[in-house]
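Report on the structure given below.
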Protein chains: 2
Amino acid sequence: MPKSDKYAIGVDLGGTNIKIGIVSEKGTIIKKNSLDTLASGGPESVISQIKKGVKGILQKNKLKIQGIGIGAPGVVSTKKGTVENPPNLPGWEKVNLGKILEKEFKINVHVENDANVAAIGEMIFGAGKKLDSFIMITLGTGVGGGIIFNRKLFRGETGAAGEIGHMSIDYNGLKCNCGSYGCIETYMGNNYIIKRVAGELESHKDSKIWELINNDLNKLTPLIIHQAASLGDEFSVQAIKDLGVYLGAALASTANVLDVGTFIIGGGVAGFGDLLLDSVCEKTKERVLKPLSKRIKILPAKLKNDAGIKGASALVFYKS
Amino acid sequence: MPKSDKYAIGVDLGGTNIKIGIVSEKGTIIKKNSLDTLASGGPESVISQIKKGVKGILQKNKLKIQGIGIGAPGVVSTKKGTVENPPNLPGWEKVNLGKILEKEFKINVHVENDANVAAIGEMIFGAGKKLDSFIMITLGTGVGGGIIFNRKLFRGETGAAGEIGHMSIDYNGLKCNCGSYGCIETYMGNNYIIKRVAGELESHKDSKIWELINNDLNKLTPLIIHQAASLGDEFSVQAIKDLGVYLGAALASTANVLDVGTFIIGGGVAGFGDLLLDSVCEKTKERVLKPLSKRIKILPAKLKNDAGIKGASALVFYKS
């Protein structure tokens with residue numbers, strides 16, 4: 001690797017794993033490790049894990065590290081470096097993770113919420129490298145979003161902008177975890193997809209899914225739906241296309257409000273591939289205001305594995 | 001008036017009227033006039049009207065004019081000063097109104113679409129004077145929107161941002177003029193309100209509205225609904241509160257995406273007053289993400305009559 005490269009540490013803090021890596025300015029992971037998060041020990045034990053993990057990865061390492069970037073769940077104040085009430089991390093009412101780690105390592109620390117980290121990661125290293133503006137959508141258990149406008153993250157008043165998962169496409173729809181109704185998360189979130197498809201399967205006894213799950217609906221996952229669709233199962237193909245109807249409605253509204261035409265789609269459910277993305281693109285174009293329609297582009301995210309580490313390290317390169 | 005004041009000309013270009021005024025930096029209208037738009041004559045005749053109107057208002061006038069601001073319907077390119085396909089102005093495929101008037105008057109000319117003009121007007125002279133960020137919503141035949149973030153208009157990629165009227169609150173809802181379904185405009189636009197309320201009236205024979213319209217549904221207007229509500233008519237009160245349910249759903253989604261908590265509501269339907277605004281506020285707070293809920297504020301617009309002239313002139317003060 002050339003000596004001129006700059007390096008950063010990326011920390012992907014989750015309720016299950018903490019992933020830590022050294023990443024070059026070009027987005028290459030030089031070294032990485034992963035720990036099981038000792039979440040039940042509260043912030044003290046988790047912070048201690050992060051400290052040890054960062055020290056471990058820095059051992060026998062002479063690279064010039066520009067800073068540490070951290071992607072964290074929950075409400076993150078980027079200015080202050082605080083993490084507030086992250087789901088799956090009990091006891092974290094409000095923790096100044098940035099300050100704690102700056103004190104320990106005497107280096108710049110940037111903390112950002114994980115949906116924004118995904119957006120910055122794609123901008124610096126991924127599908128958004130050459131784009132001025134785009135909207136990042138992460139499809140997983142929840143639906144996350146981040147807005148990049150003119151190569152900057154649009155943060156809103158408190159850093160919480162981009163919650164596209166909680167755009168409602170039916171004000172009378174299913175109740176969402178957030179308390180509202182018909183949020184796109186209630187159509188596209190993993191568990192919602194599984195529940196809805198399981199319900200519809202009852203009246204589609206000829207679907208290839210039944211064989212794949214051994215007639216046990218508890219075994220239904222998005223991956224199974226994908227597999228069945230790949231085998232030409234019409235029911236599964238339609239189920240995936242239907243997701244495009246829902247997401248297309250949310251993206252059209254988002255594009256109308258922001259006048260941004262490009263969306264980058266990542267996360268597990270994006271694994272449905274072109275079948276999903278083509279349907280999303282078609283439906284978004286159909287619904288969005290005419291002058292915007294021809295500018296709509298739906299791109300798959302480029303950062304797959306290690307997206308969390310790379311995105312977090314991108315915070316350092318983005319800032320500097 | 002103090003000599004130190006600066007002045008601008010504001011032109012409110014509409015399909016029915018052209019309103020022109022001289023406005024001080026403090027938002028006082030010094031002089032104004034209004035012409036019937038000779039729309040059928042195409043751009044040439046309308047532009048000639050604007051030129052004559054501006055000349056007329058400048059006569060016997062020694063004020064130092066900083067520039068001309070124009071609010072126009074349709075797609076406006078602020079950079080180029082072009083107006084494209086404005087509804088109700090036939091023959092305007094793409095007209096460089098900015099350049100034409102700059103050449104005529106040898107002065108800065110700023111052209112902006114009318115929804116953004118309303119937002120800038122409220123920021124400079126109205127309810128947004130002391131706000132860093134807010135979202136302007138104009139309720140009329142259509143539903144317009146403009147986003148002010150950190151005292152700047154958020155324009156998006158092409159200047160079309162803020163089309164909150166075309167945020168869908170029901171992906172399976174009524175077909176909208178824009179081609180999509182369930183846009184908030186199909187709930188809050190004047191004609192949609194009248195049509196919906198007229199339909200509901202059939203099963204509410206005891207409503208006071210029937211007397212006010214002499215049993216002639218063709219006479220139903222938003223103003224009549226407001227009058228009936230003021231007389232304590234329960235049906236009308238409920239109809240106005242229902243509007244809050246619809247608009248609240250759209251504003252909650254908008255606030256979630258932008259992380260902006262303040263909305264300024266203007267336009268004719270905003271005349272429903274506190275009954276509407278309180279309902280919108282309650283419903284938006286109920287639906288928006290918890291951390292945002294306490295920051296939600298729904299304010300009435302301050303610029304009422306002459307909002308178009310004042311807003312257009314504000315373009316000059318905003319720019320300089």
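Following the order of the structure tokens, chains are lettered A, B, ..., residues in each are numbered from 1, and ligands are numbered from 1.
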
Under the rule of at most 6 Å, produce a per-residue listing of chain B near chain A: chain, number, name, the closest pair of atoms, and the distance in Å, as JSON lines, using only C-alpha atoms.
```
{"residue": "B:Gly156", "atom": "CA", "partner": "A:Asp259", "partner_atom": "CA", "distance": 4.6}
{"residue": "B:Glu157", "atom": "CA", "partner": "A:Asp259", "partner_atom": "CA", "distance": 5.7}
{"residue": "B:Ala160", "atom": "CA", "partner": "A:Asp259", "partner_atom": "CA", "distance": 5.7}
{"residue": "B:Ala161", "atom": "CA", "partner": "A:Asp259", "partner_atom": "CA", "distance": 4.5}
{"residue": "B:Gly162", "atom": "CA", "partner": "A:Val257", "partner_atom": "CA", "distance": 4.5}
{"residue": "B:Glu163", "atom": "CA", "partner": "A:Val257", "partner_atom": "CA", "distance": 4.9}
{"residue": "B:Ile164", "atom": "CA", "partner": "A:Val257", "partner_atom": "CA", "distance": 5.5}
{"residue": "B:Met167", "atom": "CA", "partner": "A:Ser253", "partner_atom": "CA", "distance": 4.5}
{"residue": "B:Ile169", "atom": "CA", "partner": "A:Ile169", "partner_atom": "CA", "distance": 5.1}
{"residue": "B:Asp170", "atom": "CA", "partner": "A:Asp170", "partner_atom": "CA", "distance": 4.1}
{"residue": "B:Tyr171", "atom": "CA", "partner": "A:Ile169", "partner_atom": "CA", "distance": 5.6}
{"residue": "B:Ser180", "atom": "CA", "partner": "A:Arg287", "partner_atom": "CA", "distance": 4.6}
{"residue": "B:Ser253", "atom": "CA", "partner": "A:Met167", "partner_atom": "CA", "distance": 4.5}
{"residue": "B:Asn256", "atom": "CA", "partner": "A:Glu163", "partner_atom": "CA", "distance": 5.3}
{"residue": "B:Val257", "atom": "CA", "partner": "A:Gly162", "partner_atom": "CA", "distance": 4.5}
{"residue": "B:Leu258", "atom": "CA", "partner": "A:Ala161", "partner_atom": "CA", "distance": 4.8}
{"residue": "B:Asp259", "atom": "CA", "partner": "A:Ala161", "partner_atom": "CA", "distance": 4.5}
{"residue": "B:Val260", "atom": "CA", "partner": "A:Glu157", "partner_atom": "CA", "distance": 5.8}
{"residue": "B:Arg287", "atom": "CA", "partner": "A:Ser180", "partner_atom": "CA", "distance": 4.6}
```

Residue contacts of Ser40 of chain A (12 Å, only C-alpha atoms) excluding same-chain residues fewer than 2 positions away, as a list in words: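 The filter keeps Gly15, Thr16, Asp36, Thr37, Leu38, Gly42, Pro43, Glu44, Ser45, Val46, Asn88, Leu89, Pro90, Gly91 and Trp92 of chain A.
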
Helix (DSSP H, G or I) positions in segment 39-282 of chain B, given as a PyMOL selection string: chain B and resi 39-58+97-105+114-125+164-166+185-188+190-201+209-212+217-219+222-230+234-258+268-272+274-282

Distance query Gly121 of chain A at most 9 Å, only C-alpha atoms, self and fewer than 4 positions along chain excluded, as a PyMOL selection string: chain A and resi 116-117+125-126+128+303+307-315

Sel. of strand (DSSP E) residues, segment 82-130 of chain A, as a PyMOL selection string: chain A and resi 82-84+94-95+109-113

Kindly save the residues from that selection, with N, CA and C atoms included, as a short mmCIF file (atom, residue, chain, number, x, y, z; two decimals), in the first residue's frame.
```
data_model
loop_
_atom_site.label_atom_id
_atom_site.label_comp_id
_atom_site.auth_asym_id
_atom_site.auth_seq_id
_atom_site.Cartn_x
_atom_site.Cartn_y
_atom_site.Cartn_z
N THR A 82 -22.69 12.62 21.58
CA THR A 82 -23.46 11.79 22.51
C THR A 82 -24.35 10.78 21.79
N VAL A 83 -24.56 9.67 22.48
CA VAL A 83 -25.48 8.63 22.00
C VAL A 83 -26.59 8.50 23.03
N GLU A 84 -27.85 8.57 22.55
CA GLU A 84 -28.97 8.63 23.47
C GLU A 84 -29.92 7.47 23.21
N LYS A 94 -27.86 8.58 28.09
CA LYS A 94 -27.17 9.57 27.26
C LYS A 94 -25.69 9.45 27.58
N VAL A 95 -24.91 8.99 26.64
CA VAL A 95 -23.50 8.73 26.90
C VAL A 95 -22.67 9.55 25.92
N VAL A 109 -12.65 12.11 17.31
CA VAL A 109 -13.65 11.05 17.26
C VAL A 109 -14.95 11.63 16.69
N HIS A 110 -15.52 10.98 15.71
CA HIS A 110 -16.76 11.42 15.09
C HIS A 110 -17.83 10.37 15.31
N VAL A 111 -18.94 10.79 15.93
CA VAL A 111 -20.03 9.85 16.19
C VAL A 111 -21.23 10.25 15.33
N GLU A 112 -21.87 9.27 14.75
CA GLU A 112 -23.01 9.56 13.86
C GLU A 112 -23.98 8.39 13.94
N ASN A 113 -25.26 8.63 13.71
CA ASN A 113 -26.19 7.48 13.77
C ASN A 113 -26.02 6.59 12.55
#
```

All residues 10 Å or closer to Val23 of chain B, only C-alpha atoms, same chain fewer than 3 positions away omitted, as a list of chain:residue names: B:Lys6, B:Tyr7, B:Ala8, B:Ile9, B:Gly10, B:Ile20, B:Lys26, B:Gly27, B:Thr28, B:Ile29, B:Ile30, B:Lys31, B:Lys32, B:Ile65, B:Ile309, B:Lys310, B:Gly311, B:Ala312, B:Ser313, B:Ala314

Shell of 6 Å around Leu139 of chain B, only C-alpha atoms, local chain residues under 2 positions omitted, as a PyMOL selection string: chain B and resi 143+267+269

Of the listed residues B:Asp278, B:Asp5, B:Asp216, B:Asp12, that which approaches Ile68 of chain B most closely, counting only C-alpha atoms: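 The shortest atom-to-atom distance to Ile68 of chain B comes from B:Asp12.
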
Pick from B:Ile57, B:Leu223, B:Leu97, B:Leu212, whichever lies nearest to Ile240 of chain B using only C-alpha atoms: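 Selected residue with least distance to Ile240 of chain B: B:Leu223.
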
Spatial neighbours of Thr262 of chain A, max dist 8 Å, only C-alpha atoms, sep filter under 2 positions, as JSON, numbers by chain: {"A": [133, 134, 135, 260, 264, 295, 296, 297, 298, 299]}

Generate a file of the selected residues that holds C-alpha atoms, formatted as a compact mmCIF listing (two decimals), in the first residue's frame.
```txt
# COMPACT_ATOMS: atom_id res chain seq x y z
CA SER A 133 -26.96 14.34 -4.10
CA PHE A 134 -28.79 11.13 -3.26
CA ILE A 135 -30.97 9.54 -0.64
CA VAL A 260 -33.54 14.71 -5.31
CA ILE A 264 -29.26 4.15 -3.16
CA ARG A 295 -34.29 11.86 -13.26
CA ILE A 296 -35.30 8.97 -10.96
CA LYS A 297 -32.49 6.46 -10.48
CA ILE A 298 -32.57 3.54 -8.07
CA LEU A 299 -29.08 2.16 -7.42
```

Residue neighbourhood Pro222 of chain B, 10 Å, only C-alpha atoms, exclusion window fewer than 3 positions, as a ChimeraX atom specification: /B:190-191,193-194,197,225-228,240,268-272

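Going from atom CA of Asn305 of chain B to atom CA of Lys106 of chain B covers 29.2 Å.
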